[in-house]
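To keep things clear, I will list the structure first and then write my remarks on it.
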Amino acid sequence: MVICGGSRTSHDALYLCLAPLRRAVDGSIVLFGPPGAGKGTQAARISLLTGKPQVSTGDMLRAAVAADTELGREAKSYMEAGLLVPDEVIIGLISERLKKPDAESGLLLDGYPRTIVQAESLDKIESVAAVVSIEVPDDAIVRRIVGRRMDPETGQIYHIDFNPPPEEIANRVVQRKDDNEETVRSRLSAYHEQTAPLANWYGERGVLLRIDGNKGIEVVGDSIESALLEMSG
Ligand code: ADP
Ligand code: ADP
């Protein structure tokens, strides 16, 4: 059965159907917002929609910490204190990632850039087609962060109240070391001081899509999808 119509093979049709924006969005898409806004939660859906591979700087840094690499040793104390790792460390990481063949049509950048310096550096090497800003007030953020859990086998993100893991997974989910009430306060201050000004920076460049993230997971996903479809005309 041809799901999306047209004269292509059913495999091609399914491919196009799953990624209707695969060719329409030229360049990278940035997922932007405070810690716990829902960037990681929405990333899989946007990646499927646009065909762009998800790259999370937080995940890359956590992998480096777990592997005890030089980068991981440098980043660890910043992450545990809820501070941003220095720009020069993270800029190198993303510049290398953008050289890989699967980044040719752009990446879905989850958590990068987070400072004006990072955005200026990205601007020199990559075109940013859209910045999806997921807006959530601080009081909702703390509850989201403290209740966040992750399945170490699949990387799937859950929440103890808002998106609880199925019974067979519940006993293996883990909590991130920095997902506690004290660290989240530092992360929120870092966000407001260093990251939030980027919204205007991208707004001035005409690529900012503002999304109300203080709604259910599905509703937020639908809003992002509509905004991207509308933007790509
Ligand atoms: P980020 O990647 O922006 O830090 P996550 O996607 O990891 O945020 O989400 C943080 C926590 O909030 C997770 O536990 C997730 O299940 C939960 N969450 C995500 N989106 C929503 C939403 N729209 N409503 C309620 N909880 C949400
Ligand atoms: P969250 O979205 O919940 O804040 P992330 O997984 O994106 O968490 O990031 C975890 C930590 O990794 C951040 O608190 C910060 O220390 C570091 N980090 C991730 N991305 C960046 C970045 N672009 N610049 C600086 N530090 C970063």
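Residues in the structure tokens are numbered from 1 in each chain, the chains being A, B, ... in the order shown, and ligands are numbered from 1 in the order shown.
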
task: With only C-alpha atoms and all ligand atoms counted, collect every polymer residue having an atom within 6 Å of ligand 1; state the result as a PyMOL selection string.
output: chain A and resi 35-41+144-145+147-149+157-159+162-163+213-217+220

Please give me, as a PDB file with N, CA and C atoms, in the first residue's frame, the residues lying within 6 Å of ligand 2 when counting only C-alpha atoms and all ligand atoms.
ATOM      1  N   PRO A  35      16.653  24.330  30.863  1.00  0.00           N
ATOM      2  CA  PRO A  35      16.780  22.920  31.197  1.00  0.00           C
ATOM      3  C   PRO A  35      15.398  22.377  31.559  1.00  0.00           C
ATOM      4  N   GLY A  36      15.057  21.203  31.041  1.00  0.00           N
ATOM      5  CA  GLY A  36      13.775  20.607  31.383  1.00  0.00           C
ATOM      6  C   GLY A  36      12.602  21.119  30.564  1.00  0.00           C
ATOM      7  N   THR A  57      24.355  18.095  23.009  1.00  0.00           N
ATOM      8  CA  THR A  57      25.672  18.346  23.615  1.00  0.00           C
ATOM      9  C   THR A  57      25.712  17.782  25.040  1.00  0.00           C
ATOM     10  N   GLY A  58      24.568  17.812  25.745  1.00  0.00           N
ATOM     11  CA  GLY A  58      24.522  17.232  27.089  1.00  0.00           C
ATOM     12  C   GLY A  58      24.850  15.737  27.035  1.00  0.00           C
ATOM     13  N   ASP A  59      24.244  15.018  26.076  1.00  0.00           N
ATOM     14  CA  ASP A  59      24.515  13.576  25.942  1.00  0.00           C
ATOM     15  C   ASP A  59      25.985  13.334  25.583  1.00  0.00           C
ATOM     16  N   TYR A  78      31.925  21.353  36.020  1.00  0.00           N
ATOM     17  CA  TYR A  78      30.968  22.377  35.595  1.00  0.00           C
ATOM     18  C   TYR A  78      29.559  21.792  35.591  1.00  0.00           C
ATOM     19  N   MET A  79      29.435  20.602  35.010  1.00  0.00           N
ATOM     20  CA  MET A  79      28.110  19.985  34.888  1.00  0.00           C
ATOM     21  C   MET A  79      27.507  19.714  36.264  1.00  0.00           C
ATOM     22  N   GLY A  82      26.102  22.695  37.837  1.00  0.00           N
ATOM     23  CA  GLY A  82      25.006  23.364  37.115  1.00  0.00           C
ATOM     24  C   GLY A  82      25.474  24.575  36.329  1.00  0.00           C
ATOM     25  N   LEU A  83      26.772  24.592  35.966  1.00  0.00           N
ATOM     26  CA  LEU A  83      27.312  25.706  35.178  1.00  0.00           C
ATOM     27  C   LEU A  83      27.532  25.246  33.747  1.00  0.00           C
ATOM     28  N   LEU A  84      27.601  26.207  32.828  1.00  0.00           N
ATOM     29  CA  LEU A  84      27.909  25.847  31.439  1.00  0.00           C
ATOM     30  C   LEU A  84      29.389  25.494  31.335  1.00  0.00           C
ATOM     31  N   VAL A  85      29.722  24.500  30.534  1.00  0.00           N
ATOM     32  CA  VAL A  85      31.145  24.208  30.311  1.00  0.00           C
ATOM     33  C   VAL A  85      31.693  25.326  29.410  1.00  0.00           C
ATOM     34  N   ILE A  90      33.183  23.242  24.133  1.00  0.00           N
ATOM     35  CA  ILE A  90      31.990  22.771  23.443  1.00  0.00           C
ATOM     36  C   ILE A  90      32.006  23.132  21.962  1.00  0.00           C
ATOM     37  N   GLY A 111      20.355  21.648  22.630  1.00  0.00           N
ATOM     38  CA  GLY A 111      21.189  22.196  23.709  1.00  0.00           C
ATOM     39  C   GLY A 111      22.429  22.928  23.222  1.00  0.00           C
ATOM     40  N   TYR A 112      22.478  23.271  21.955  1.00  0.00           N
ATOM     41  CA  TYR A 112      23.591  24.032  21.398  1.00  0.00           C
ATOM     42  C   TYR A 112      23.054  24.927  20.293  1.00  0.00           C
ATOM     43  N   PRO A 113      23.415  26.203  20.211  1.00  0.00           N
ATOM     44  CA  PRO A 113      24.289  26.950  21.127  1.00  0.00           C
ATOM     45  C   PRO A 113      23.566  27.394  22.394  1.00  0.00           C
ATOM     46  N   ARG A 114      24.375  27.706  23.422  1.00  0.00           N
ATOM     47  CA  ARG A 114      23.813  28.179  24.694  1.00  0.00           C
ATOM     48  C   ARG A 114      24.419  29.502  25.135  1.00  0.00           C
ATOM     49  N   ARG A 187      21.387  25.982  37.235  1.00  0.00           N
ATOM     50  CA  ARG A 187      21.197  25.812  35.788  1.00  0.00           C
ATOM     51  C   ARG A 187      20.223  26.855  35.244  1.00  0.00           C
TER      52      ARG A 187
END

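Residues with any atom within 12 Å of A:Pro197, counting only C-alpha atoms and excluding same-chain neighbours fewer than 5 positions away, are A:Phe32, A:Gly33, A:Pro34, A:Pro113, A:Arg114, A:Thr115, A:Ile116, A:Val117, A:Ala119, A:Ser133, A:Ala190, A:Tyr191, A:His192, A:Tyr202, A:Gly203, A:Glu204.
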
task: Rank A:Arg45, A:Lys76, A:Arg143, A:Arg205 by their smallest atom-to-atom distance to A:Asn180, using only C-alpha atoms, and report the top residue only.
output: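 Closest to A:Asn180, using only C-alpha atoms: A:Arg143.
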
Residues near stretch 93-99 of chain A, cut-off 9 Å, only C-alpha atoms, skip fewer than 5 positions along chain, as a short mmCIF file (atom, residue, chain, number, x, y, z; two decimals) with N, CA and C atoms, in the first residue's frame:
data_model
loop_
_atom_site.label_atom_id
_atom_site.label_comp_id
_atom_site.auth_asym_id
_atom_site.auth_seq_id
_atom_site.Cartn_x
_atom_site.Cartn_y
_atom_site.Cartn_z
N VAL A 55 21.53 15.76 17.75
CA VAL A 55 22.82 15.82 18.44
C VAL A 55 22.62 16.62 19.72
N THR A 57 24.36 18.09 23.01
CA THR A 57 25.67 18.35 23.61
C THR A 57 25.71 17.78 25.04
N MET A 60 26.53 14.17 24.68
CA MET A 60 27.94 13.99 24.28
C MET A 60 28.86 14.19 25.49
N GLU A 88 35.06 27.25 24.60
CA GLU A 88 36.07 26.66 23.71
C GLU A 88 36.00 25.12 23.70
N GLU A 104 25.56 16.62 6.56
CA GLU A 104 25.59 17.41 5.32
C GLU A 104 24.35 18.29 5.13
N GLY A 106 22.39 19.24 7.52
CA GLY A 106 22.08 19.90 8.78
C GLY A 106 21.78 18.91 9.90
N LEU A 107 21.88 19.41 11.13
CA LEU A 107 21.64 18.58 12.31
C LEU A 107 20.47 19.17 13.11
N TYR A 112 22.48 23.27 21.95
CA TYR A 112 23.59 24.03 21.40
C TYR A 112 23.05 24.93 20.29
N LEU A 122 28.95 29.15 15.54
CA LEU A 122 28.15 28.26 14.69
C LEU A 122 27.81 28.95 13.37
N ILE A 125 30.12 28.48 10.48
CA ILE A 125 30.33 27.18 9.82
C ILE A 125 29.04 26.50 9.38
N GLU A 126 27.88 27.01 9.81
CA GLU A 126 26.64 26.28 9.51
C GLU A 126 25.47 27.24 9.41
#

- prompt: as a PyMOL selection string, which residues of stretch 36-174 of chain A does DSSP assign to strand (DSSP E)?
  reply: chain A and resi 54-56+108-110+128-135+148-150+157-159

Export of prior selection with N, CA and C atoms as a compact mmCIF listing (two decimals), in the first residue's frame:
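Printed below is again.txt as written:
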# COMPACT_ATOMS: atom_id res chain seq x y z
N GLN A 54 19.61 13.91 15.50
CA GLN A 54 19.64 14.66 16.76
C GLN A 54 21.03 14.62 17.37
N VAL A 55 21.53 15.76 17.75
CA VAL A 55 22.82 15.82 18.44
C VAL A 55 22.62 16.62 19.72
N SER A 56 22.80 15.95 20.86
CA SER A 56 22.63 16.62 22.14
C SER A 56 24.00 16.83 22.77
N LEU A 108 19.93 18.34 14.00
CA LEU A 108 18.97 18.85 14.98
C LEU A 108 19.77 19.05 16.26
N LEU A 109 20.11 20.31 16.53
CA LEU A 109 21.01 20.60 17.65
C LEU A 109 20.21 20.80 18.93
N ASP A 110 20.37 19.88 19.87
CA ASP A 110 19.62 19.89 21.13
C ASP A 110 20.55 20.40 22.24
N VAL A 128 21.71 28.14 10.09
CA VAL A 128 20.65 27.74 11.03
C VAL A 128 19.31 28.12 10.41
N ALA A 129 18.50 27.10 10.07
CA ALA A 129 17.24 27.35 9.38
C ALA A 129 16.14 27.77 10.34
N ALA A 130 16.15 27.19 11.54
CA ALA A 130 15.09 27.49 12.51
C ALA A 130 15.60 27.25 13.92
N VAL A 131 15.11 28.08 14.83
CA VAL A 131 15.40 27.90 16.25
C VAL A 131 14.06 27.70 16.94
N VAL A 132 13.83 26.49 17.43
CA VAL A 132 12.56 26.17 18.08
C VAL A 132 12.72 26.47 19.57
N SER A 133 12.11 27.56 20.02
CA SER A 133 12.25 27.97 21.41
C SER A 133 11.07 27.45 22.22
N ILE A 134 11.34 26.48 23.10
CA ILE A 134 10.27 25.87 23.90
C ILE A 134 10.21 26.64 25.23
N GLU A 135 9.12 27.39 25.41
CA GLU A 135 9.04 28.31 26.55
C GLU A 135 8.25 27.70 27.71
N ARG A 148 12.52 13.88 36.46
CA ARG A 148 12.99 13.26 35.20
C ARG A 148 13.74 11.96 35.47
N ARG A 149 13.46 10.95 34.67
CA ARG A 149 14.18 9.67 34.74
C ARG A 149 14.52 9.26 33.31
N MET A 150 15.57 8.41 33.18
CA MET A 150 15.98 7.98 31.85
C MET A 150 16.18 6.47 31.84
N ILE A 157 13.36 9.23 27.63
CA ILE A 157 13.17 10.10 28.80
C ILE A 157 11.75 9.93 29.35
N TYR A 158 11.66 9.81 30.68
CA TYR A 158 10.35 9.70 31.34
C TYR A 158 10.24 10.75 32.44
N HIS A 159 9.04 10.82 33.02
CA HIS A 159 8.84 11.66 34.20
C HIS A 159 7.97 10.88 35.18

- prompt: Which one is closest to A:Asp123: A:Leu21, A:Ala43, A:Ile91, A:Pro137? Count only C-alpha atoms.
  reply: A:Ile91

task: Quick one: pull the distance between atom CA of A:Gly51 and atom CA of A:Gly206, Å, one decimal.
output: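 It comes out at 22.4 Å.
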
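Proximity ranking of A:Glu167, A:Glu80, A:Ser121, A:Asp161 relative to A:Ser186 places A:Glu80 first, based on only C-alpha atoms.
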
Between atom CA of A:Ile211 and atom CA of A:Ser223, distance in Å (one decimal): 6.7 Å
